[in-house]
file entry.cif (mmCIF, C-alpha atoms, pLDDT in the B column; chains and numbers go by the auth columns)
data_run
#
loop_
_atom_site.group_PDB
_atom_site.id
_atom_site.type_symbol
_atom_site.label_atom_id
_atom_site.label_comp_id
_atom_site.label_asym_id
_atom_site.label_seq_id
_atom_site.Cartn_x
_atom_site.Cartn_y
_atom_site.Cartn_z
_atom_site.B_iso_or_equiv
_atom_site.auth_seq_id
_atom_site.auth_asym_id
ATOM 1 C CA MET A 1 0.000 0.000 0.000 46.00 1150 A
ATOM 2 C CA GLU A 2 1.335 3.416 -0.951 55.00 1151 A
ATOM 3 C CA GLU A 3 2.257 5.664 1.940 68.00 1152 A
ATOM 4 C CA LYS A 4 0.274 8.894 2.198 86.00 1153 A
ATOM 5 C CA LEU A 5 1.280 12.216 3.675 91.00 1154 A
ATOM 6 C CA LEU A 6 -0.946 12.694 6.724 93.00 1155 A
ATOM 7 C CA VAL A 7 0.632 15.628 8.544 96.00 1156 A
ATOM 8 C CA GLU A 8 2.513 18.564 7.070 97.00 1157 A
ATOM 9 C CA MET A 9 3.749 21.509 9.116 97.00 1158 A
ATOM 10 C CA GLU A 10 5.747 24.215 7.353 98.00 1159 A
ATOM 11 C CA ASP A 11 7.486 26.994 9.325 98.00 1160 A
ATOM 12 C CA VAL A 12 4.845 26.747 12.047 98.00 1161 A
ATOM 13 C CA THR A 13 4.903 28.956 15.135 98.00 1162 A
ATOM 14 C CA ALA A 14 2.280 28.311 17.812 97.00 1163 A
ATOM 15 C CA GLY A 15 1.403 29.240 21.359 96.00 1164 A
ATOM 16 C CA TYR A 16 -0.990 31.074 23.595 95.00 1165 A
ATOM 17 C CA PRO A 17 -1.619 34.727 24.497 94.00 1166 A
ATOM 18 C CA GLY A 18 1.656 36.093 25.790 93.00 1167 A
ATOM 19 C CA HIS A 19 3.555 32.840 25.233 95.00 1168 A
ATOM 20 C CA ILE A 20 5.114 31.152 22.197 97.00 1169 A
ATOM 21 C CA ALA A 21 5.376 27.387 22.677 97.00 1170 A
ATOM 22 C CA PHE A 22 7.513 26.710 19.594 97.00 1171 A
ATOM 23 C CA ARG A 23 8.791 28.532 16.521 97.00 1172 A
ATOM 24 C CA ASP A 24 9.481 27.748 12.867 98.00 1173 A
ATOM 25 C CA VAL A 25 8.821 23.999 13.010 98.00 1174 A
ATOM 26 C CA SER A 26 8.628 22.048 9.758 98.00 1175 A
ATOM 27 C CA ILE A 27 7.832 18.319 9.730 97.00 1176 A
ATOM 28 C CA LYS A 28 6.063 15.747 7.583 97.00 1177 A
ATOM 29 C CA VAL A 29 4.486 12.502 8.781 97.00 1178 A
ATOM 30 C CA SER A 30 3.324 9.796 6.400 93.00 1179 A
ATOM 31 C CA SER A 31 1.070 6.807 6.943 90.00 1180 A
ATOM 32 C CA LYS A 32 2.520 3.720 8.632 84.00 1181 A
ATOM 33 C CA GLU A 33 4.925 5.739 10.765 91.00 1182 A
ATOM 34 C CA HIS A 34 5.595 5.232 14.493 93.00 1183 A
ATOM 35 C CA VAL A 35 6.420 8.766 15.639 96.00 1184 A
ATOM 36 C CA ALA A 36 7.298 9.796 19.192 96.00 1185 A
ATOM 37 C CA ILE A 37 7.567 13.455 20.163 97.00 1186 A
ATOM 38 C CA VAL A 38 9.987 14.028 23.034 95.00 1187 A
ATOM 39 C CA GLY A 39 11.506 16.976 24.831 94.00 1188 A
ATOM 40 C CA PRO A 40 11.477 18.838 28.151 93.00 1189 A
ATOM 41 C CA ASN A 41 8.359 19.993 29.946 92.00 1190 A
ATOM 42 C CA GLY A 42 7.188 23.263 28.424 93.00 1191 A
ATOM 43 C CA GLY A 43 9.024 22.575 25.191 95.00 1192 A
ATOM 44 C CA GLY A 44 5.879 22.615 23.044 96.00 1193 A
ATOM 45 C CA LYS A 45 5.086 18.911 22.653 96.00 1194 A
ATOM 46 C CA SER A 46 1.432 18.977 23.729 95.00 1195 A
ATOM 47 C CA THR A 47 0.902 22.244 21.874 97.00 1196 A
ATOM 48 C CA MET A 48 2.079 20.538 18.685 97.00 1197 A
ATOM 49 C CA LEU A 49 -0.595 17.850 19.050 96.00 1198 A
ATOM 50 C CA LYS A 50 -3.283 20.487 19.617 95.00 1199 A
ATOM 51 C CA VAL A 51 -2.197 22.276 16.435 96.00 1200 A
ATOM 52 C CA MET A 52 -2.368 19.008 14.477 95.00 1201 A
ATOM 53 C CA MET A 53 -5.826 18.293 15.862 93.00 1202 A
ATOM 54 C CA GLY A 54 -7.111 21.742 14.960 92.00 1203 A
ATOM 55 C CA LEU A 55 -7.724 22.722 18.576 93.00 1204 A
ATOM 56 C CA LEU A 56 -5.231 25.588 18.352 94.00 1205 A
ATOM 57 C CA PRO A 57 -4.559 27.709 15.251 95.00 1206 A
ATOM 58 C CA PRO A 58 -0.913 28.422 14.408 96.00 1207 A
ATOM 59 C CA LYS A 59 0.354 31.972 14.787 97.00 1208 A
ATOM 60 C CA ALA A 60 2.393 31.532 11.620 97.00 1209 A
ATOM 61 C CA GLY A 61 3.070 28.872 9.019 97.00 1210 A
ATOM 62 C CA VAL A 62 0.976 26.235 7.281 97.00 1211 A
ATOM 63 C CA VAL A 63 -0.568 23.128 8.834 96.00 1212 A
ATOM 64 C CA LYS A 64 -2.229 20.378 6.815 95.00 1213 A
ATOM 65 C CA VAL A 65 -3.674 17.143 8.178 94.00 1214 A
ATOM 66 C CA CYS A 66 -5.040 14.644 5.671 90.00 1215 A
ATOM 67 C CA GLY A 67 -4.486 17.410 3.101 90.00 1216 A
ATOM 68 C CA GLN A 68 -6.695 19.958 4.862 91.00 1217 A
ATOM 69 C CA ASN A 69 -6.395 22.798 7.356 92.00 1218 A
ATOM 70 C CA PRO A 70 -7.470 21.046 10.582 92.00 1219 A
ATOM 71 C CA TYR A 71 -8.555 24.276 12.273 88.00 1220 A
ATOM 72 C CA LYS A 72 -10.926 25.271 9.465 85.00 1221 A
ATOM 73 C CA ASN A 73 -12.081 21.905 8.126 82.00 1222 A
ATOM 74 C CA ARG A 74 -14.202 19.948 10.592 72.00 1223 A
ATOM 75 C CA CYS A 75 -14.068 16.875 8.374 71.00 1224 A
ATOM 76 C CA VAL A 76 -10.443 16.402 9.407 77.00 1225 A
ATOM 77 C CA LYS A 77 -11.567 15.603 12.951 74.00 1226 A
ATOM 78 C CA LYS A 78 -13.464 12.575 11.647 79.00 1227 A
ATOM 79 C CA ARG A 79 -10.168 11.113 10.434 88.00 1228 A
ATOM 80 C CA VAL A 80 -8.094 12.053 13.464 92.00 1229 A
ATOM 81 C CA SER A 81 -8.483 11.022 17.115 92.00 1230 A
ATOM 82 C CA TYR A 82 -6.842 12.771 20.044 92.00 1231 A
ATOM 83 C CA LEU A 83 -6.204 11.419 23.531 92.00 1232 A
ATOM 84 C CA PRO A 84 -4.957 14.147 25.903 90.00 1233 A
ATOM 85 C CA GLN A 85 -2.989 13.587 29.086 85.00 1234 A
ATOM 86 C CA GLN A 86 -4.796 11.693 31.840 69.00 1235 A
ATOM 87 C CA SER A 87 -4.587 14.723 34.109 54.00 1236 A
ATOM 88 C CA THR A 88 -6.976 16.588 31.789 56.00 1237 A
ATOM 89 C CA ILE A 89 -9.608 13.814 31.801 62.00 1238 A
ATOM 90 C CA ASN A 90 -12.338 13.506 34.436 67.00 1239 A
ATOM 91 C CA SER A 91 -11.708 10.007 35.774 66.00 1240 A
ATOM 92 C CA HIS A 92 -14.988 10.155 37.725 69.00 1241 A
ATOM 93 C CA PHE A 93 -17.132 10.713 34.642 71.00 1242 A
ATOM 94 C CA PRO A 94 -20.511 9.082 35.473 80.00 1243 A
ATOM 95 C CA ALA A 95 -20.868 6.691 32.549 89.00 1244 A
ATOM 96 C CA LEU A 96 -20.442 3.021 31.699 93.00 1245 A
ATOM 97 C CA ILE A 97 -17.290 2.054 29.823 94.00 1246 A
ATOM 98 C CA GLU A 98 -19.233 1.327 26.622 94.00 1247 A
ATOM 99 C CA ASP A 99 -20.702 4.829 26.792 91.00 1248 A
ATOM 100 C CA ILE A 100 -17.173 6.260 26.942 92.00 1249 A
ATOM 101 C CA VAL A 101 -16.182 4.297 23.844 94.00 1250 A
ATOM 102 C CA LEU A 102 -19.381 5.440 22.116 91.00 1251 A
ATOM 103 C CA LEU A 103 -18.074 9.012 22.306 88.00 1252 A
ATOM 104 C CA GLY A 104 -15.511 7.986 19.693 89.00 1253 A
ATOM 105 C CA LEU A 105 -18.390 7.595 17.216 88.00 1254 A
ATOM 106 C CA PHE A 106 -19.815 11.036 17.901 78.00 1255 A
ATOM 107 C CA GLY A 107 -19.083 12.211 14.348 73.00 1256 A
ATOM 108 C CA GLU A 108 -21.066 9.296 12.896 74.00 1257 A
ATOM 109 C CA LEU A 109 -24.155 9.483 15.089 71.00 1258 A
ATOM 110 C CA GLY A 110 -27.233 11.111 13.652 58.00 1259 A
ATOM 111 C CA LEU A 111 -29.480 13.707 15.261 54.00 1260 A
ATOM 112 C CA VAL A 112 -31.054 11.087 17.495 58.00 1261 A
ATOM 113 C CA GLY A 113 -27.619 10.052 18.709 68.00 1262 A
ATOM 114 C CA ARG A 114 -28.489 6.385 19.087 79.00 1263 A
ATOM 115 C CA PRO A 115 -25.883 3.875 17.919 82.00 1264 A
ATOM 116 C CA THR A 116 -26.833 1.357 15.267 85.00 1265 A
ATOM 117 C CA LYS A 117 -26.418 -2.380 15.687 88.00 1266 A
ATOM 118 C CA GLU A 118 -23.224 -2.183 13.638 90.00 1267 A
ATOM 119 C CA GLN A 119 -21.842 0.608 15.806 90.00 1268 A
ATOM 120 C CA ASN A 120 -22.636 -1.322 18.992 91.00 1269 A
ATOM 121 C CA LEU A 121 -20.760 -4.266 17.534 94.00 1270 A
ATOM 122 C CA ARG A 122 -17.768 -2.024 16.842 93.00 1271 A
ATOM 123 C CA ILE A 123 -17.837 -0.825 20.446 94.00 1272 A
ATOM 124 C CA GLU A 124 -17.785 -4.419 21.671 95.00 1273 A
ATOM 125 C CA GLU A 125 -14.956 -5.274 19.265 94.00 1274 A
ATOM 126 C CA ALA A 126 -12.962 -2.257 20.436 94.00 1275 A
ATOM 127 C CA LEU A 127 -13.332 -3.288 24.069 95.00 1276 A
ATOM 128 C CA GLU A 128 -12.388 -6.847 23.143 94.00 1277 A
ATOM 129 C CA ARG A 129 -9.254 -5.523 21.440 92.00 1278 A
ATOM 130 C CA VAL A 130 -8.148 -3.799 24.635 93.00 1279 A
ATOM 131 C CA GLY A 131 -9.059 -6.816 26.753 93.00 1280 A
ATOM 132 C CA LEU A 132 -12.046 -5.363 28.587 94.00 1281 A
ATOM 133 C CA THR A 133 -15.114 -7.219 27.321 92.00 1282 A
ATOM 134 C CA ASN A 134 -15.501 -8.685 30.800 93.00 1283 A
ATOM 135 C CA MET A 135 -15.933 -5.131 32.127 93.00 1284 A
ATOM 136 C CA ILE A 136 -18.882 -4.151 29.894 93.00 1285 A
ATOM 137 C CA GLY A 137 -21.557 -2.634 32.075 93.00 1286 A
ATOM 138 C CA GLU A 138 -19.057 -1.337 34.636 94.00 1287 A
ATOM 139 C CA PRO A 139 -18.965 2.361 35.537 93.00 1288 A
ATOM 140 C CA PHE A 140 -15.863 4.068 34.135 92.00 1289 A
ATOM 141 C CA GLU A 141 -14.996 5.530 37.537 90.00 1290 A
ATOM 142 C CA HIS A 142 -14.691 2.041 39.063 91.00 1291 A
ATOM 143 C CA LEU A 143 -11.796 1.054 36.800 91.00 1292 A
ATOM 144 C CA SER A 144 -8.099 1.196 37.635 90.00 1293 A
ATOM 145 C CA GLY A 145 -5.879 3.778 35.967 89.00 1294 A
ATOM 146 C CA GLY A 146 -4.603 1.275 33.421 91.00 1295 A
ATOM 147 C CA GLN A 147 -8.096 0.034 32.607 92.00 1296 A
ATOM 148 C CA LYS A 148 -9.352 3.587 32.139 92.00 1297 A
ATOM 149 C CA GLN A 149 -6.530 4.295 29.726 92.00 1298 A
ATOM 150 C CA ARG A 150 -7.401 1.185 27.715 93.00 1299 A
ATOM 151 C CA VAL A 151 -11.035 2.342 27.497 94.00 1300 A
ATOM 152 C CA LEU A 152 -9.903 5.758 26.276 93.00 1301 A
ATOM 153 C CA ILE A 153 -7.661 4.180 23.639 94.00 1302 A
ATOM 154 C CA ALA A 154 -10.645 2.066 22.501 94.00 1303 A
ATOM 155 C CA ARG A 155 -12.594 5.315 22.189 94.00 1304 A
ATOM 156 C CA ALA A 156 -9.764 6.763 20.111 93.00 1305 A
ATOM 157 C CA PHE A 157 -9.748 4.004 17.485 93.00 1306 A
ATOM 158 C CA VAL A 158 -13.407 2.841 17.401 93.00 1307 A
ATOM 159 C CA GLY A 159 -14.153 5.505 14.771 90.00 1308 A
ATOM 160 C CA ARG A 160 -11.516 3.986 12.460 91.00 1309 A
ATOM 161 C CA PRO A 161 -9.334 7.100 12.164 92.00 1310 A
ATOM 162 C CA SER A 162 -6.351 7.447 9.869 91.00 1311 A
ATOM 163 C CA LEU A 163 -4.326 9.138 12.598 94.00 1312 A
ATOM 164 C CA ILE A 164 -4.303 8.956 16.408 95.00 1313 A
ATOM 165 C CA LEU A 165 -2.571 11.592 18.532 96.00 1314 A
ATOM 166 C CA LEU A 166 -1.612 10.430 22.027 96.00 1315 A
ATOM 167 C CA ASP A 167 -0.319 12.657 24.820 95.00 1316 A
ATOM 168 C CA GLU A 168 1.652 10.666 27.425 93.00 1317 A
ATOM 169 C CA PRO A 169 -0.390 7.449 26.998 92.00 1318 A
ATOM 170 C CA THR A 170 1.563 5.453 29.622 91.00 1319 A
ATOM 171 C CA THR A 171 2.482 8.109 32.194 85.00 1320 A
ATOM 172 C CA GLY A 172 1.429 7.319 35.760 84.00 1321 A
ATOM 173 C CA LEU A 173 0.626 3.665 35.046 88.00 1322 A
ATOM 174 C CA ASP A 174 2.182 0.615 36.678 87.00 1323 A
ATOM 175 C CA VAL A 175 4.537 -1.547 34.626 89.00 1324 A
ATOM 176 C CA ALA A 176 1.893 -4.160 33.744 89.00 1325 A
ATOM 177 C CA SER A 177 -0.495 -1.471 32.508 89.00 1326 A
ATOM 178 C CA GLN A 178 2.284 0.211 30.537 90.00 1327 A
ATOM 179 C CA GLU A 179 3.084 -3.083 28.821 91.00 1328 A
ATOM 180 C CA ALA A 180 -0.602 -3.629 27.983 91.00 1329 A
ATOM 181 C CA ILE A 181 -0.934 -0.154 26.450 92.00 1330 A
ATOM 182 C CA ILE A 182 2.246 -0.611 24.404 92.00 1331 A
ATOM 183 C CA GLU A 183 0.944 -3.933 23.062 92.00 1332 A
ATOM 184 C CA ILE A 184 -2.375 -2.350 22.049 92.00 1333 A
ATOM 185 C CA ILE A 185 -0.669 0.547 20.277 93.00 1334 A
ATOM 186 C CA GLN A 186 1.735 -1.843 18.559 91.00 1335 A
ATOM 187 C CA ASP A 187 -1.245 -3.825 17.278 90.00 1336 A
ATOM 188 C CA LEU A 188 -2.981 -0.708 15.956 91.00 1337 A
ATOM 189 C CA THR A 189 0.076 0.472 14.037 89.00 1338 A
ATOM 190 C CA GLU A 190 1.261 -2.903 12.760 87.00 1339 A
ATOM 191 C CA ASN A 191 -2.026 -4.679 12.014 86.00 1340 A
ATOM 192 C CA GLU A 192 -4.580 -1.894 11.527 86.00 1341 A
ATOM 193 C CA GLY A 193 -2.323 0.520 9.652 84.00 1342 A
ATOM 194 C CA ILE A 194 -3.290 3.427 11.903 90.00 1343 A
ATOM 195 C CA THR A 195 -0.613 6.084 12.102 93.00 1344 A
ATOM 196 C CA ILE A 196 0.131 7.134 15.671 95.00 1345 A
ATOM 197 C CA ILE A 197 1.997 10.194 16.897 97.00 1346 A
ATOM 198 C CA ALA A 198 2.680 10.011 20.628 97.00 1347 A
ATOM 199 C CA VAL A 199 4.130 12.528 23.047 96.00 1348 A
ATOM 200 C CA THR A 200 5.999 10.574 25.719 94.00 1349 A
ATOM 201 C CA HIS A 201 8.710 10.526 28.374 90.00 1350 A
ATOM 202 C CA ASP A 202 8.456 6.749 28.769 90.00 1351 A
ATOM 203 C CA GLN A 203 11.741 5.064 27.809 89.00 1352 A
ATOM 204 C CA ILE A 204 10.175 1.598 27.612 89.00 1353 A
ATOM 205 C CA PHE A 205 7.464 2.908 25.287 90.00 1354 A
ATOM 206 C CA LEU A 206 10.117 4.456 23.060 91.00 1355 A
ATOM 207 C CA GLN A 207 12.291 1.375 22.974 89.00 1356 A
ATOM 208 C CA LYS A 208 9.447 -1.019 22.173 91.00 1357 A
ATOM 209 C CA TRP A 209 7.338 1.073 19.809 92.00 1358 A
ATOM 210 C CA ALA A 210 8.926 4.239 18.392 93.00 1359 A
ATOM 211 C CA LYS A 211 10.775 4.199 15.095 94.00 1360 A
ATOM 212 C CA ARG A 212 11.086 7.939 14.545 96.00 1361 A
ATOM 213 C CA ILE A 213 11.868 10.626 17.108 96.00 1362 A
ATOM 214 C CA ILE A 214 10.883 14.276 16.898 97.00 1363 A
ATOM 215 C CA ARG A 215 12.487 16.296 19.683 96.00 1364 A
ATOM 216 C CA ILE A 216 11.100 19.753 20.321 96.00 1365 A
ATOM 217 C CA ASP A 217 12.329 22.351 22.797 95.00 1366 A
ATOM 218 C CA GLY A 218 10.774 25.589 21.639 96.00 1367 A
ATOM 219 C CA ARG A 219 12.062 24.669 18.205 96.00 1368 A
ATOM 220 C CA LEU A 220 12.780 21.500 16.258 97.00 1369 A
ATOM 221 C CA VAL A 221 15.942 19.991 17.743 95.00 1370 A
ATOM 222 C CA PHE A 222 15.948 16.547 16.123 96.00 1371 A
ATOM 223 C CA ASP A 223 13.901 14.597 13.596 96.00 1372 A
ATOM 224 C CA GLY A 224 15.029 11.157 12.531 95.00 1373 A
ATOM 225 C CA PRO A 225 15.245 7.405 13.273 94.00 1374 A
ATOM 226 C CA ILE A 226 15.398 6.434 16.923 93.00 1375 A
ATOM 227 C CA GLU A 227 18.786 4.770 16.487 91.00 1376 A
ATOM 228 C CA ASP A 228 20.281 8.053 15.274 91.00 1377 A
ATOM 229 C CA TYR A 229 18.700 9.953 18.164 88.00 1378 A
ATOM 230 C CA GLN A 230 20.333 7.657 20.713 72.00 1379 A
ATOM 231 C CA GLY A 231 23.670 8.485 19.173 53.00 1380 A
ATOM 232 C CA VAL A 232 23.394 12.280 19.425 52.00 1381 A
ATOM 233 C CA THR A 233 21.924 12.838 22.890 51.00 1382 A
ATOM 234 C CA LEU A 234 23.612 12.630 26.261 39.00 1383 A
ATOM 235 C CA ASN A 235 20.356 12.203 28.141 47.00 1384 A
ATOM 236 C CA GLY A 236 18.928 9.138 26.456 44.00 1385 A
ATOM 237 C CA TYR A 237 15.254 9.687 25.725 42.00 1386 A
ATOM 238 C CA SER A 238 14.656 12.708 27.953 44.00 1387 A
#
call {"tool": "encode", "arguments": {"input": "entry.cif", "output": "structure tokens"}}
result
Amino acid sequence: MEEKLLVEMEDVTAGYPGHIAFRDVSIKVSSKEHVAIVGPNGGGKSTMLKVMMGLLPPKAGVVKVCGQNPYKNRCVKKRVSYLPQQSTINSHFPALIEDIVLLGLFGELGLVGRPTKEQNLRIEEALERVGLTNMIGEPFEHLSGGQKQRVLIARAFVGRPSLILLDEPTTGLDVASQEAIIEIIQDLTENEGITIIAVTHDQIFLQKWAKRIIRIDGRLVFDGPIEDYQGVTLNGYS
């Protein structure tokens, strides 16, 4: 299958009122890639994901996702899923786990908002893929941190996106949960062909999944294969 250009950023500067997160960044990401964004806290990593998702317009430069401006074209959001950091998610949201996954089909639901039989089947298949079919009917708030993260990843891919953006998907989880998340993400990229761009500090995640590293620290510091990145940094994956 021919690789397609999914993300293109050209001379992009982005930030918030009174603060520039990063300047003059140019990158391209094609389908089938395993891309990890690394760098220090405050370096602009999460801001970059928000720009790709169309949640934050760039202050300068050109951003295209799936060939369109993600901030102006709502259709882009149907092809891209975004999972923010756990700290930004209400872990006590009063809903069953299948209802959380259903939110990933929001763009497909009609005015009534009721899932079809086929969509319900996809929800069950998504939960099966993350190993949680035995938890169907359980309130989301009753799950462990690792289980909640698996539900949220199921929500991210149930809509069959071309691209998933993950912000620190394994941070704060125990080792067993980290391993489970890595295995799920590996399956999505290798067997489903979903391109994933993940912001992370997790060395195990990088070693087992990442193939390309983008390091950002207010600007683009490095962009290349993970083996080359290991050779040019004194601080490993930090």
call {"tool": "closest_residue", "arguments": {"input": "entry.cif", "among": "A:Val1214, A:Val1161, A:Ile1353, A:Ala1170", "to": "Ile1331 of chain A", "atoms": "all atoms listed in the file"}}
result
A:Ile1353
call {"tool": "resolve_selection", "arguments": {"input": "entry.cif", "expression": "the PyMOL selection byres ((chain A and resi 1207) around 10)", "output": "list in words"}}
result
Met1158, Asp1160, Val1161, Thr1162, Ala1163, Gly1164, Tyr1165, Arg1172, Thr1196, Met1197, Lys1199, Val1200, Met1201, Gly1203, Leu1204, Leu1205, Pro1206, Lys1208, Ala1209, Gly1210, Val1211, Val1212 and Tyr1220 of chain A
call {"tool": "resolve_selection", "arguments": {"input": "entry.cif", "expression": "the PyMOL selection byres ((chain A and resi 1297-1303) around 9)", "output": "VMD selection string"}}
result
chain A and resid 1232 1235 1240 1246 to 1247 1249 to 1250 1253 1272 1275 to 1276 1278 to 1281 1289 to 1296 1304 to 1307 1315 1318 to 1319 1322 1326 1329 to 1330 1333 to 1334
call {"tool": "resolve_selection", "arguments": {"input": "entry.cif", "expression": "the PyMOL selection byres ((chain A and resi 1310) around 9)", "output": "JSON, numbers by chain"}}
result
{"A": [1226, 1227, 1228, 1229, 1230, 1305, 1306, 1307, 1308, 1309, 1311, 1312, 1313, 1343, 1344]}
call {"tool": "closest_residue", "arguments": {"input": "entry.cif", "among": "A:Phe1242, A:Tyr1231, A:Phe1171, A:Phe1255", "to": "Gln1268 of chain A", "atoms": "all atoms listed in the file"}}
result
A:Phe1255
call {"tool": "axis_aligned_box", "arguments": {"input": "entry.cif", "around": "segment 1181-1184 of chain A", "padding_each_side": "5 Å", "output": "AutoDock Vina command-line options"}}
result
--center_x 4.5 --center_y 6.2 --center_z 12.1 --size_x 13.9 --size_y 15.0 --size_z 17.0
call {"tool": "atom_distance", "arguments": {"input": "entry.cif", "atom1": "atom CA of Glu1257 of chain A", "atom2": "atom CA of Val1156 of chain A"}}
result
23.0 Å
call {"tool": "atom_distance", "arguments": {"input": "entry.cif", "atom1": "atom CA of Leu1252 of chain A", "atom2": "atom CA of Arg1271 of chain A"}}
result
12.3 Å
call {"tool": "closest_residue", "arguments": {"input": "entry.cif", "among": "A:Gly1216, A:Pro1233, A:Pro1243, A:Gly1286", "to": "Lys1153 of chain A", "atoms": "all atoms listed in the file"}}
result
A:Gly1216
call {"tool": "atom_distance", "arguments": {"input": "entry.cif", "atom1": "atom CA of Glu1376 of chain A", "atom2": "atom CA of Pro1189 of chain A"}}
result
19.7 Å
call {"tool": "closest_residue", "arguments": {"input": "entry.cif", "among": "A:Gly1373, A:Gly1367, A:Pro1288, A:Pro1264", "to": "Ala1244 of chain A", "atoms": "only C-alpha atoms"}}
result
A:Pro1288
call {"tool": "residues_near_point", "arguments": {"input": "entry.cif", "point": "(-1.4, -0.4, 8.8)", "cutoff": "10 Å", "atoms": "all atoms listed in the file", "output": "ChimeraX atom specification"}}
result
/A:1150,1152,1180-1182,1311,1336-1344
call {"tool": "closest_residue", "arguments": {"input": "entry.cif", "among": "A:Gly1188, A:Gly1256, A:Pro1374, A:Pro1219", "to": "His1350 of chain A", "atoms": "all atoms listed in the file"}}
result
A:Gly1188
call {"tool": "closest_residue", "arguments": {"input": "entry.cif", "among": "A:Val1184, A:Leu1258, A:Leu1154, A:Leu1251", "to": "Leu1355 of chain A", "atoms": "all atoms listed in the file"}}
result
A:Val1184
